[in-house]
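Participant: What follows is protein_39.cif, mmCIF, C-alpha atoms.
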```cif
data_run
loop_
_atom_site.label_atom_id
_atom_site.label_comp_id
_atom_site.auth_asym_id
_atom_site.auth_seq_id
_atom_site.Cartn_x
_atom_site.Cartn_y
_atom_site.Cartn_z
CA MET Q 1 -53.31 77.75 -65.42
CA THR Q 2 -52.69 74.55 -63.47
CA ALA Q 3 -52.96 74.26 -59.70
CA GLU Q 4 -49.17 74.08 -59.45
CA GLU Q 5 -48.80 77.28 -61.49
CA ARG Q 6 -51.31 79.08 -59.25
CA ILE Q 7 -49.41 77.94 -56.15
CA PHE Q 8 -46.13 79.04 -57.73
CA SER Q 9 -47.65 82.45 -58.44
CA ILE Q 10 -48.60 82.79 -54.76
CA VAL Q 11 -45.07 81.76 -53.74
CA ARG Q 12 -43.55 84.37 -56.07
CA GLY Q 13 -45.91 86.97 -54.62
CA GLY Q 14 -44.72 86.19 -51.11
CA LEU Q 15 -41.09 86.58 -52.18
CA TYR Q 16 -41.88 89.85 -53.95
CA ALA Q 17 -43.41 91.22 -50.73
CA LYS Q 18 -40.17 90.39 -48.91
CA LEU Q 19 -37.77 91.32 -51.74
CA PRO Q 20 -39.30 93.94 -54.06
CA SER Q 21 -35.86 94.48 -55.62
CA LEU Q 22 -36.22 91.03 -57.24
CA ALA Q 23 -39.53 91.85 -58.95
CA LEU Q 24 -38.12 91.58 -62.50
CA PRO Q 25 -36.33 88.21 -62.13
CA LEU Q 26 -39.25 86.79 -60.14
CA GLY Q 27 -41.62 87.80 -62.92
CA ARG Q 28 -39.44 86.08 -65.48
CA LEU Q 29 -39.19 82.79 -63.57
CA THR Q 30 -41.62 80.06 -64.63
CA CYS Q 31 -42.20 76.61 -63.20
CA ARG Q 32 -42.83 73.06 -64.33
CA GLU Q 33 -42.66 69.56 -62.87
CA GLY Q 34 -39.86 67.15 -63.72
CA ASP Q 35 -37.55 64.37 -62.57
CA VAL Q 36 -35.75 66.20 -59.73
CA ASP Q 37 -35.49 65.78 -55.98
CA PRO Q 38 -36.89 68.00 -54.58
CA ALA Q 39 -36.33 70.79 -57.11
CA GLY Q 40 -33.86 72.09 -59.68
CA THR Q 41 -33.48 74.40 -62.63
CA ASP Q 42 -32.78 73.73 -66.30
CA GLY Q 43 -31.36 77.20 -66.83
CA GLU Q 44 -34.68 78.89 -67.43
CA ALA Q 45 -37.50 77.49 -65.24
CA ALA Q 46 -37.87 76.27 -61.68
CA VAL Q 47 -38.46 72.52 -61.86
CA PHE Q 48 -40.21 70.79 -58.95
CA ALA Q 49 -40.76 67.13 -58.17
CA PRO Q 50 -44.31 66.01 -59.11
CA GLY Q 51 -46.80 66.95 -56.40
CA LEU Q 52 -44.23 68.74 -54.20
CA LEU Q 53 -45.62 72.26 -54.58
CA ARG Q 54 -49.20 71.20 -53.81
CA ARG Q 55 -48.18 68.97 -50.87
CA GLU Q 56 -45.88 71.50 -49.19
CA PHE Q 57 -48.22 74.43 -49.84
CA LEU Q 58 -51.17 72.64 -48.21
CA ALA Q 59 -48.90 71.76 -45.26
CA GLU Q 60 -48.16 75.50 -44.93
CA SER Q 61 -44.46 74.76 -45.30
CA ASP Q 62 -41.95 77.44 -46.26
CA LEU Q 63 -40.06 74.96 -48.47
CA PRO Q 64 -41.59 76.18 -51.78
CA GLU Q 65 -40.52 79.73 -51.02
CA ARG Q 66 -37.01 78.70 -49.93
CA LEU Q 67 -36.57 76.50 -53.00
CA THR Q 68 -37.83 79.20 -55.37
CA LEU Q 69 -35.42 81.82 -54.03
CA HIS Q 70 -32.57 79.30 -54.01
CA LEU Q 71 -33.15 78.37 -57.67
CA LEU Q 72 -33.61 82.00 -58.69
CA LEU Q 73 -30.27 82.95 -57.14
CA HIS Q 74 -28.53 80.07 -58.91
CA LEU Q 75 -29.80 81.50 -62.21
CA MET Q 76 -28.92 85.11 -61.39
CA LEU Q 77 -25.40 84.08 -60.35
CA GLY Q 78 -24.90 82.06 -63.54
CA HIS Q 79 -24.19 78.80 -61.79
CA PRO Q 80 -25.76 76.38 -64.33
CA TRP Q 81 -23.39 77.63 -67.06
CA GLY Q 82 -20.30 78.43 -65.00
CA ARG Q 83 -18.64 75.08 -64.25
CA GLN Q 84 -16.25 75.22 -67.22
CA GLY Q 85 -14.33 72.03 -66.55
CA ARG Q 86 -14.35 72.26 -62.77
CA ALA Q 87 -15.05 69.16 -60.68
CA ARG Q 88 -18.82 68.79 -60.61
CA ALA Q 89 -19.32 67.84 -56.94
CA LEU Q 90 -17.08 70.62 -55.62
CA TRP Q 91 -18.65 73.15 -58.01
CA ASP Q 92 -22.12 72.17 -56.78
CA THR Q 93 -21.01 72.72 -53.17
CA ALA Q 94 -19.44 76.09 -54.00
CA CYS Q 95 -22.60 77.24 -55.78
CA ASP Q 96 -24.86 76.31 -52.87
CA LEU Q 97 -22.55 78.13 -50.45
CA ALA Q 98 -22.54 81.23 -52.68
CA VAL Q 99 -26.34 81.20 -52.84
CA GLY Q 100 -26.51 80.89 -49.05
CA LEU Q 101 -24.30 83.97 -48.61
CA VAL Q 102 -26.36 86.06 -51.02
CA ARG Q 103 -29.60 84.90 -49.42
CA HIS Q 104 -28.32 86.07 -46.02
CA ALA Q 105 -27.37 89.43 -47.54
CA LEU Q 106 -30.93 89.74 -48.90
CA LEU Q 107 -32.65 88.50 -45.73
CA PRO Q 108 -30.24 89.15 -42.84
CA GLN Q 109 -33.04 88.93 -40.27
CA GLU Q 110 -33.73 85.27 -41.00
CA PRO Q 111 -32.28 82.79 -38.46
CA GLU Q 112 -29.31 80.64 -39.43
CA THR Q 113 -28.29 77.17 -38.33
CA PRO Q 114 -24.96 77.04 -36.45
CA ALA Q 115 -23.31 75.32 -39.43
CA ALA Q 116 -24.60 77.95 -41.86
CA PHE Q 117 -23.48 80.77 -39.59
CA SER Q 118 -20.03 79.25 -39.17
CA ALA Q 119 -19.62 78.63 -42.91
CA ARG Q 120 -20.66 82.18 -43.75
CA CYS Q 121 -18.24 83.67 -41.21
CA LYS Q 122 -15.31 81.63 -42.49
CA LEU Q 123 -15.99 82.44 -46.14
CA GLN Q 124 -16.48 86.14 -45.44
CA ALA Q 125 -13.26 86.19 -43.43
CA ARG Q 126 -11.40 84.78 -46.45
CA ARG Q 127 -13.32 87.05 -48.85
CA ALA Q 128 -14.50 84.01 -50.79
CA VAL Q 129 -18.18 84.76 -51.41
CA ARG Q 130 -18.77 83.88 -55.07
CA ALA Q 131 -18.79 80.34 -56.44
CA PRO Q 132 -15.45 80.52 -58.35
CA ALA Q 133 -13.62 81.90 -55.30
CA ILE Q 134 -15.24 79.38 -52.95
CA TYR Q 135 -14.37 76.56 -55.36
CA ALA Q 136 -10.73 77.70 -55.46
CA LEU Q 137 -10.61 77.91 -51.66
CA LEU Q 138 -12.05 74.42 -51.13
CA LEU Q 139 -9.79 72.98 -53.83
CA GLU Q 140 -6.69 74.49 -52.21
CA GLN Q 141 -7.79 73.98 -48.60
CA PRO Q 142 -10.17 71.00 -48.38
CA ASP Q 143 -10.40 71.41 -44.59
CA ALA Q 144 -11.33 75.09 -44.74
CA LEU Q 145 -14.93 74.08 -44.00
CA THR Q 146 -16.18 71.03 -42.17
CA ALA Q 147 -18.45 68.56 -43.96
CA GLU Q 148 -21.41 69.96 -42.03
CA GLU Q 149 -20.53 73.52 -43.01
CA GLN Q 150 -20.10 72.57 -46.68
CA ALA Q 151 -23.60 71.03 -46.67
CA ALA Q 152 -25.19 73.89 -44.72
CA PHE Q 153 -26.90 75.45 -47.76
CA TYR Q 154 -27.61 72.29 -49.77
CA LEU Q 155 -31.21 72.41 -50.93
CA ASP Q 156 -31.71 71.48 -54.60
CA ASP Q 157 -30.85 69.02 -57.37
CA HIS Q 158 -28.22 70.19 -59.88
CA ARG Q 159 -28.52 67.35 -62.43
CA LEU Q 160 -30.40 69.50 -64.95
CA TRP Q 161 -27.45 71.89 -65.12
CA GLN Q 162 -25.72 69.47 -67.48
CA LEU Q 163 -28.43 70.09 -70.07
CA SER Q 164 -28.32 73.87 -69.79
CA ALA Q 165 -24.50 73.92 -69.82
CA SER Q 166 -24.35 71.85 -73.01
CA ALA Q 167 -26.58 74.31 -74.82
CA SER Q 168 -25.19 77.57 -76.13
CA ALA Q 169 -25.52 80.29 -73.51
CA PRO Q 170 -27.08 83.52 -74.81
CA LYS Q 171 -24.53 86.11 -75.87
CA THR Q 172 -24.43 89.73 -74.86
CA ALA Q 173 -24.24 92.58 -77.33
CA ASP Q 174 -20.44 92.78 -76.98
CA GLY Q 175 -19.97 89.05 -77.56
CA GLY Q 176 -19.57 88.08 -73.92
CA ALA Q 177 -21.00 84.92 -72.44
CA GLU Q 178 -23.23 86.60 -69.85
CA THR Q 179 -26.84 85.40 -69.84
CA GLY Q 180 -29.92 87.51 -69.27
CA TRP Q 181 -30.21 86.01 -65.81
CA GLN Q 182 -26.66 87.08 -64.97
CA ALA Q 183 -27.38 90.61 -66.16
CA LEU Q 184 -30.20 90.72 -63.63
CA GLY Q 185 -27.83 89.26 -61.03
CA ARG Q 186 -25.53 92.27 -61.19
CA LYS Q 187 -27.96 94.03 -58.84
CA LEU Q 188 -27.66 91.39 -56.12
CA PRO Q 189 -26.07 92.63 -52.87
CA ASP Q 190 -22.44 91.90 -52.06
CA PRO Q 191 -22.28 89.15 -49.40
CA LEU Q 192 -19.25 90.86 -47.85
CA PRO Q 193 -20.16 93.36 -45.11
CA PRO Q 194 -20.16 96.73 -46.93
CA LYS Q 195 -18.87 98.71 -43.99
CA PRO Q 196 -17.35 96.59 -41.25
CA VAL Q 197 -16.90 98.31 -37.92
CA ILE Q 198 -13.39 96.94 -37.41
CA GLY Q 199 -10.57 96.67 -39.92
CA SER Q 200 -11.38 95.84 -43.53
CA GLY Q 201 -13.85 93.03 -42.93
CA SER Q 202 -11.27 90.33 -43.58
CA GLY Q 203 -10.45 87.85 -40.85
CA ASN Q 204 -6.81 88.69 -41.53
CA ALA Q 205 -7.20 92.38 -40.70
CA ALA Q 206 -4.86 93.93 -38.13
CA PHE Q 207 -5.65 97.09 -36.20
CA ALA Q 208 -4.18 99.01 -33.31
CA VAL Q 209 -6.35 99.80 -30.31
CA ARG Q 210 -5.42 101.99 -27.38
CA PRO Q 211 -6.72 100.63 -24.06
CA ASP Q 212 -9.44 102.72 -22.48
CA ALA Q 213 -8.44 103.23 -18.86
CA ARG Q 214 -11.01 101.78 -16.49
CA GLY Q 215 -11.34 99.41 -13.58
CA SER Q 216 -14.00 97.16 -12.15
CA ARG Q 217 -14.41 95.71 -8.67
CA ALA Q 218 -16.65 92.96 -10.06
CA PHE Q 219 -13.96 91.95 -12.52
CA ALA Q 220 -11.28 91.98 -9.83
CA ALA Q 221 -13.47 89.82 -7.57
CA LEU Q 222 -13.97 87.33 -10.39
CA LEU Q 223 -10.23 87.01 -10.91
CA ARG Q 224 -9.74 86.48 -7.19
CA GLU Q 225 -12.13 83.53 -7.40
CA CYS Q 226 -9.81 81.99 -10.03
CA SER Q 227 -6.73 82.39 -7.83
CA GLU Q 228 -5.05 79.76 -5.62
CA MET Q 229 -2.96 79.58 -2.46
CA ARG Q 230 0.72 79.01 -3.14
CA GLU Q 231 4.19 80.01 -1.96
CA ASN Q 232 5.33 83.18 -3.66
CA ARG Q 233 8.87 84.56 -3.70
CA HIS Q 234 8.45 87.71 -1.68
CA VAL Q 235 10.15 89.23 1.36
CA SER Q 236 7.69 88.95 4.22
CA GLY Q 237 7.95 91.51 7.01
CA ASP Q 238 5.54 89.55 9.18
CA GLU Q 239 7.46 86.26 9.28
CA PHE Q 240 11.09 85.25 9.88
CA GLN Q 241 13.47 82.28 9.74
CA TYR Q 242 13.16 80.29 13.01
CA ALA Q 243 16.59 78.71 12.53
CA TRP Q 244 18.37 82.07 12.72
CA TYR Q 245 16.13 83.13 15.62
CA LEU Q 246 17.14 80.07 17.71
CA TYR Q 247 20.78 80.34 16.64
CA GLY Q 248 20.98 83.87 18.03
CA LEU Q 249 19.37 82.89 21.33
CA GLU Q 250 21.89 80.08 21.76
CA HIS Q 251 25.14 81.77 20.67
CA TYR Q 252 24.65 85.48 21.36
CA GLY Q 253 23.45 85.60 24.94
CA GLY Q 254 19.74 85.38 24.31
CA MET Q 255 19.78 87.87 21.39
CA PRO Q 256 17.64 86.53 18.50
CA LEU Q 257 18.69 87.01 14.89
CA ILE Q 258 15.76 88.07 12.72
CA GLU Q 259 15.93 87.10 9.00
CA PRO Q 260 12.69 87.83 7.06
CA LEU Q 261 11.33 84.99 4.98
CA GLU Q 262 11.84 85.31 1.22
CA TYR Q 263 8.54 83.65 0.47
CA SER Q 264 4.99 83.79 1.76
CA GLU Q 265 1.71 81.92 1.30
CA GLU Q 266 -0.48 84.08 -0.91
CA ARG Q 267 -3.63 83.76 -3.01
CA ARG Q 268 -2.81 84.76 -6.58
CA LEU Q 269 -3.36 83.72 -10.17
CA ARG Q 270 -1.04 81.14 -11.70
CA GLU Q 271 -2.86 80.29 -14.94
CA LEU Q 272 -5.57 81.99 -16.96
CA ALA Q 273 -6.97 82.02 -20.52
CA VAL Q 274 -8.38 85.26 -21.90
CA VAL Q 275 -10.15 85.59 -25.26
CA ILE Q 276 -10.85 88.95 -26.91
CA ASP Q 277 -13.65 89.02 -29.47
CA THR Q 278 -12.15 90.85 -32.46
CA SER Q 279 -15.04 90.20 -34.84
CA ALA Q 280 -16.66 92.84 -37.00
CA SER Q 281 -19.58 93.19 -34.56
CA CYS Q 282 -17.24 94.56 -31.87
CA SER Q 283 -16.44 98.20 -32.50
CA ARG Q 284 -12.97 99.64 -32.05
CA SER Q 285 -14.12 101.45 -28.90
CA LEU Q 286 -15.55 98.20 -27.52
CA CYS Q 287 -12.21 96.43 -28.00
CA ALA Q 288 -10.54 99.41 -26.32
CA ALA Q 289 -12.87 98.96 -23.35
CA PHE Q 290 -12.04 95.25 -23.16
CA LEU Q 291 -8.33 96.04 -23.15
CA GLY Q 292 -8.88 98.77 -20.58
CA GLU Q 293 -10.37 96.23 -18.19
CA LEU Q 294 -7.41 93.92 -18.78
CA ALA Q 295 -4.86 96.68 -18.41
CA GLY Q 296 -6.43 98.01 -15.24
CA ILE Q 297 -6.69 94.65 -13.49
CA LEU Q 298 -4.03 92.31 -14.85
CA THR Q 299 -1.14 94.71 -14.29
CA ARG Q 300 -1.79 94.85 -10.57
CA GLU Q 301 1.27 93.41 -8.83
CA ASP Q 302 -0.79 91.59 -6.20
CA LEU Q 303 -2.84 89.58 -8.72
CA PHE Q 304 -0.30 87.22 -10.29
CA PHE Q 305 2.53 85.16 -8.92
CA GLU Q 306 6.03 86.24 -9.92
CA ARG Q 307 5.83 83.86 -12.88
CA PHE Q 308 2.52 82.82 -14.38
CA ASN Q 309 0.98 81.29 -17.50
CA LEU Q 310 -1.40 83.67 -19.28
CA HIS Q 311 -2.68 83.02 -22.81
CA ILE Q 312 -4.45 85.96 -24.50
CA LEU Q 313 -6.32 84.83 -27.62
CA GLU Q 314 -7.71 87.10 -30.34
CA CYS Q 315 -10.63 85.43 -32.09
CA ASP Q 316 -13.39 86.29 -34.58
CA CYS Q 317 -14.63 83.14 -36.31
CA GLU Q 318 -11.12 81.68 -35.97
CA VAL Q 319 -8.29 82.03 -33.47
CA GLN Q 320 -6.21 84.77 -35.07
CA GLN Q 321 -3.48 85.14 -32.45
CA ASP Q 322 -2.29 83.49 -29.23
CA THR Q 323 0.03 85.53 -27.03
CA ARG Q 324 1.60 83.73 -24.06
CA LEU Q 325 2.77 85.96 -21.22
CA THR Q 326 4.68 84.79 -18.14
CA THR Q 327 5.77 87.98 -16.29
CA LEU Q 328 4.28 91.37 -15.50
CA ALA Q 329 6.99 92.99 -17.62
CA GLU Q 330 5.88 90.97 -20.66
CA LEU Q 331 2.24 91.80 -19.96
CA THR Q 332 2.93 95.52 -19.63
CA ASP Q 333 4.96 95.54 -22.84
CA TRP Q 334 2.23 93.65 -24.73
CA LEU Q 335 -0.46 96.11 -23.63
CA ARG Q 336 1.72 98.98 -24.81
CA THR Q 337 2.58 97.61 -28.25
CA MET Q 338 -0.13 95.05 -29.14
CA THR Q 339 -2.03 94.96 -32.44
CA LEU Q 340 -5.32 93.08 -32.57
CA HIS Q 341 -6.22 90.77 -35.46
CA GLY Q 342 -9.69 89.92 -36.74
CA GLY Q 343 -12.61 91.67 -38.36
CA GLY Q 344 -14.57 88.61 -39.51
CA GLY Q 345 -17.67 86.93 -38.11
CA THR Q 346 -18.14 85.68 -34.56
CA ASP Q 347 -17.86 82.04 -33.53
CA PHE Q 348 -16.94 81.17 -29.95
CA ARG Q 349 -16.25 77.49 -30.62
CA PRO Q 350 -12.75 77.80 -32.19
CA ALA Q 351 -11.40 79.53 -29.07
CA PHE Q 352 -12.73 76.78 -26.79
CA ARG Q 353 -11.34 74.07 -29.09
CA TYR Q 354 -7.96 75.83 -29.07
CA VAL Q 355 -7.86 76.10 -25.27
CA ASP Q 356 -8.96 72.46 -24.97
CA GLY Q 357 -5.96 71.59 -27.12
CA LEU Q 358 -3.63 73.57 -24.82
CA VAL Q 359 -4.99 71.65 -21.84
CA GLU Q 360 -4.57 68.30 -23.60
CA ARG Q 361 -0.97 69.13 -24.53
CA GLY Q 362 -0.17 70.05 -20.94
CA GLU Q 363 0.40 73.75 -21.60
CA PHE Q 364 -2.17 74.43 -18.88
CA ALA Q 365 -1.62 72.32 -15.78
CA HIS Q 366 -4.46 73.66 -13.59
CA LEU Q 367 -6.54 76.04 -15.71
CA PRO Q 368 -9.13 77.65 -13.38
CA GLY Q 369 -11.14 79.33 -16.10
CA LEU Q 370 -11.50 81.21 -19.37
CA LEU Q 371 -12.63 84.82 -19.68
CA TYR Q 372 -14.26 85.71 -23.01
CA PHE Q 373 -14.63 89.44 -23.69
CA THR Q 374 -17.45 89.78 -26.23
CA ASP Q 375 -20.73 91.43 -27.18
CA GLY Q 376 -22.53 88.06 -27.01
CA TYR Q 377 -23.27 87.65 -30.73
CA GLY Q 378 -21.97 84.31 -32.03
CA VAL Q 379 -22.16 80.52 -32.00
CA PHE Q 380 -21.64 78.89 -28.60
CA PRO Q 381 -20.27 75.38 -28.00
CA ASP Q 382 -22.93 72.72 -27.47
CA VAL Q 383 -20.94 71.01 -24.71
CA PRO Q 384 -19.60 72.88 -21.65
CA PRO Q 385 -15.81 72.90 -21.22
CA ALA Q 386 -13.99 71.18 -18.36
CA TYR Q 387 -13.06 74.57 -16.90
CA ARG Q 388 -15.00 77.63 -15.80
CA ALA Q 389 -16.14 79.85 -18.70
CA VAL Q 390 -17.16 83.46 -18.06
CA PHE Q 391 -18.39 85.76 -20.82
CA VAL Q 392 -17.48 89.33 -19.91
CA MET Q 393 -19.65 92.02 -21.51
CA LEU Q 394 -20.17 95.76 -21.23
CA ARG Q 395 -23.53 97.23 -20.34
CA TYR Q 396 -25.52 98.59 -23.32
CA ARG Q 397 -23.23 96.66 -25.67
CA TYR Q 398 -24.19 93.01 -25.37
CA ASP Q 399 -26.86 90.43 -26.19
CA ASP Q 400 -27.09 87.33 -24.00
CA ILE Q 401 -30.23 85.80 -25.51
CA ASP Q 402 -28.31 82.76 -26.82
CA LEU Q 403 -26.05 82.33 -23.79
CA PRO Q 404 -26.14 78.63 -22.78
CA ALA Q 405 -27.00 77.58 -19.25
CA TRP Q 406 -23.46 76.41 -18.47
CA ALA Q 407 -21.88 79.75 -19.32
CA GLU Q 408 -21.38 82.42 -16.65
CA LYS Q 409 -21.96 86.07 -17.42
CA LEU Q 410 -20.32 89.18 -15.99
CA ILE Q 411 -21.73 92.56 -17.03
CA LEU Q 412 -19.32 95.43 -16.46
CA GLU Q 413 -20.65 98.93 -15.98
CA ALA Q 414 -20.08 101.32 -18.87
CA GLU Q 415 -21.31 104.63 -20.20
CA ALA Q 416 -24.10 104.72 -22.76
CA PRO Q 417 -22.91 104.47 -26.40
CA LYS Q 418 -21.92 107.69 -28.11
CA GLY Q 419 -21.28 108.73 -31.69
CA ASP Q 420 -21.48 105.88 -34.19
CA GLU Q 421 -21.69 103.18 -31.54
CA ARG Q 422 -24.96 101.28 -31.49
CA TRP Q 423 -27.14 100.35 -28.54
CA ILE Q 424 -27.83 96.69 -27.92
#
```
For this file, write the structure as structure tokens.

Facilitator:
Amino acid sequence: MTAEERIFSIVRGGLYAKLPSLALPLGRLTCREGDVDPAGTDGEAAVFAPGLLRREFLAESDLPERLTLHLLLHLMLGHPWGRQGRARALWDTACDLAVGLVRHALLPQEPETPAAFSARCKLQARRAVRAPAIYALLLEQPDALTAEEQAAFYLDDHRLWQLSASASAPKTADGGAETGWQALGRKLPDPLPPKPVIGSGSGNAAFAVRPDARGSRAFAALLRECSEMRENRHVSGDEFQYAWYLYGLEHYGGMPLIEPLEYSEERRLRELAVVIDTSASCSRSLCAAFLGELAGILTREDLFFERFNLHILECDCEVQQDTRLTTLAELTDWLRTMTLHGGGGTDFRPAFRYVDGLVERGEFAHLPGLLYFTDGYGVFPDVPPAYRAVFVMLRYRYDDIDLPAWAEKLILEAEAPKGDERWI
């Protein structure tokens, strides 16, 4: 046994300790060195660049382990034999993305890069989690993933696939074209969440939620900070028209005529952006609590001017819905009849990009801030927005470990979770 084979045996042992369910395919996988960068598979063995295993192992790098699992999943998913006339570059991308999704399903505790997280959320939302479905999605919608997201799981060299694809793939007993590796791959976990908390797990899911009646002084105080002084159409009993007052003194023997003003200077909200996290990590009861806070505070007559500009966004890993409300009657009707949309992964960036676009197009003239109702799990923007951003969370149901320094946080009091709700 060569030094490289001994190192590869140690690497396989480490993977077996983490993933005992892959004992059989790991035991079948062999290794050799070849002309690849940094590694690849010829349809049977893991092929590494000369000296790579020894060099990375001595450096105590996790690259040998990551490459081995990546190559093994390619084999178990049948990628080297599955192109079947598809465009090679796009098929390679789809296969790497599919491997990344399965790897996360096997090792969900491992950290993800923002691009990998975003790509996984978008693909899960569209239910495209296997290479053929991902290929079809990217072929039909080239902008479905950014270039960075498409490359998020790139790790190996696929040139040797041409050799394995040109050879005859082993046949099954019934004449099918499934290989032995693919038979082992049938036991791999489904990258789609098996039991999403909200909706069906698709980013296109729609679900009705009844607001949970509640109210918060802290939330009301926050909204007051976003308000502004402005004339509001409103009969004022404390002020009157001086013209009529003087006219009465002059023409009616010193008797003033009192006409109340039909406007007054008041501090109220004119514009506001609200985002509701409708991702799968937010339970139905959590969304109901979010809406309860909105219903209890926003419908107060003394909070908004007679006409206002309120955008309520529903967002998981994409902006699913934007509802613009301009009067209290519209707001009350929306709270009574609304249906939330979402159920995918969580990414805060699309909502901020969308609101930035509203500001650039002039749909917000003086936006004081954005309120984001969430549990805190997701990808945050790297750059702070030009407006105030407050992430509103409920006690026992949030995680602020990744909250950036520029983001404000408001924790609303809530009862401890009950039933199937989880503690955070």

Participant: Between atom CA of Q:Asp42 and atom CA of Q:Pro80, what is the distance in Å, rounded to a tenth?

Facilitator: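 Result for atom CA of Q:Asp42 versus atom CA of Q:Pro80: 7.8 Å, one decimal.
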
Participant: Looking at all atoms listed in the file, which of Q:Ala183, Q:Leu29, Q:Ala329, Q:Val359 is the one that sits closest to Q:Val47?

Facilitator: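 Result for the nearest residue to Q:Val47: Q:Leu29.
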
Participant: Starting from the displayed file, determine the output of the PyMOL selection byres ((chain Q and resi 125-137) around 7) and express the residue list as number ranges by chain.

Facilitator: Q: 90-91, 94-95, 98, 101, 121-124, 138-141, 191, 201-203, 344-345

Participant: I'd like the neighbourhood of Q:Gly369 as a PyMOL selection string, where a residue qualifies if any of its atoms comes within 9 Å (using all atoms listed in the file), though same-chain residues fewer than 4 positions away should be ignored.

Facilitator: chain Q and resi 226+271-274+386-390

Participant: Give me the result of the PyMOL selection byres ((chain Q and resi 43) around 10) on this file, residue by residue, as a ChimeraX atom specification.

Facilitator: /Q:40-42,44-47,71-72,74-76,78-81,160-165,167,169,179,181

Participant: State, in Å with one decimal place, the distance from atom CA of Q:Pro111 to atom CA of Q:Asp156.

Facilitator: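 Interatomic distance, atom CA of Q:Pro111 to atom CA of Q:Asp156: 19.7 Å.
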
Participant: Expand the PyMOL selection byres ((chain Q and resi 316-320) around 7) into the individual residues it matches in the shown file, reporting them as a list in words.

Facilitator: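 Applying the PyMOL selection byres ((chain Q and resi 316-320) around 7) to the structure shown produces Cys121, Lys122, Asp277, Thr278, Ser279, Leu313, Glu314, Cys315, Gln321, His341, Gly342, Gly343, Gly344, Gly345, Thr346, Asp347, Pro350 and Ala351 of chain Q.
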
Participant: Using only C-alpha atoms, please write the residues we just selected to a file, as a CSV table (one decimal), in the frame of the given file.

Facilitator:
```csv
chain,number,residue,atom,x,y,z
Q,121,CYS,CA,-18.2,83.7,-41.2
Q,122,LYS,CA,-15.3,81.6,-42.5
Q,277,ASP,CA,-13.6,89.0,-29.5
Q,278,THR,CA,-12.2,90.8,-32.5
Q,279,SER,CA,-15.0,90.2,-34.8
Q,313,LEU,CA,-6.3,84.8,-27.6
Q,314,GLU,CA,-7.7,87.1,-30.3
Q,315,CYS,CA,-10.6,85.4,-32.1
Q,321,GLN,CA,-3.5,85.1,-32.4
Q,341,HIS,CA,-6.2,90.8,-35.5
Q,342,GLY,CA,-9.7,89.9,-36.7
Q,343,GLY,CA,-12.6,91.7,-38.4
Q,344,GLY,CA,-14.6,88.6,-39.5
Q,345,GLY,CA,-17.7,86.9,-38.1
Q,346,THR,CA,-18.1,85.7,-34.6
Q,347,ASP,CA,-17.9,82.0,-33.5
Q,350,PRO,CA,-12.8,77.8,-32.2
Q,351,ALA,CA,-11.4,79.5,-29.1
```

Participant: Around all listed atoms of stretch 316-330 of chain Q, padded 3 Å per side, what centre and edge lengths does the axis-aligned box have in Å to one decimal, as JSON?

Facilitator:
```
{"center_x": -3.8, "center_y": 87.3, "center_z": -25.9, "size_x": 27.6, "size_y": 17.3, "size_z": 26.8}
```

Participant: So which one's closest to Q:Glu148, Q:Val36, Q:Leu97, Q:Leu188, Q:Ile312? Using only C-alpha atoms, please.

Facilitator: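 Residue with the minimum atom-to-atom distance to Q:Glu148: Q:Leu97.
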
Participant: In Å, rounded to a single decimal, give me how far atom CA of Q:Gly378 is from atom CA of Q:Thr68.

Facilitator: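 Rounded to one decimal, the two atoms are 28.7 Å apart.
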
Participant: Looking at Q:Glu149, Q:Asp143, Q:Asp92, Q:Glu363, which one is nearest to Q:Phe308, with distances taken over only C-alpha atoms?

Facilitator: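 Of all the options, Q:Glu363 lies closest to Q:Phe308.
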
Participant: From the list Q:Ala407, Q:Leu26, Q:Val379, Q:Leu358, which residue is nearest Q:Glu112 when using only C-alpha atoms?

Facilitator: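 Checking each of Q:Ala407, Q:Leu26, Q:Val379, Q:Leu358 against Q:Glu112, counting only C-alpha atoms, the winner is Q:Val379.
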
Participant: Using only C-alpha atoms, which of the listed residues (Q:Pro381, Q:Pro368, Q:Gly82, Q:Pro142) sits closest to Q:Glu225?

Facilitator: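 Among the listed residues, Q:Pro368 lies closest to Q:Glu225.
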
Participant: Smallest atom-to-atom distance to Q:Thr30: which of Q:Ile7, Q:Leu155, Q:Leu410, Q:Leu367, using only C-alpha atoms?

Facilitator: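 Closest residue, counting only C-alpha atoms: Q:Ile7.
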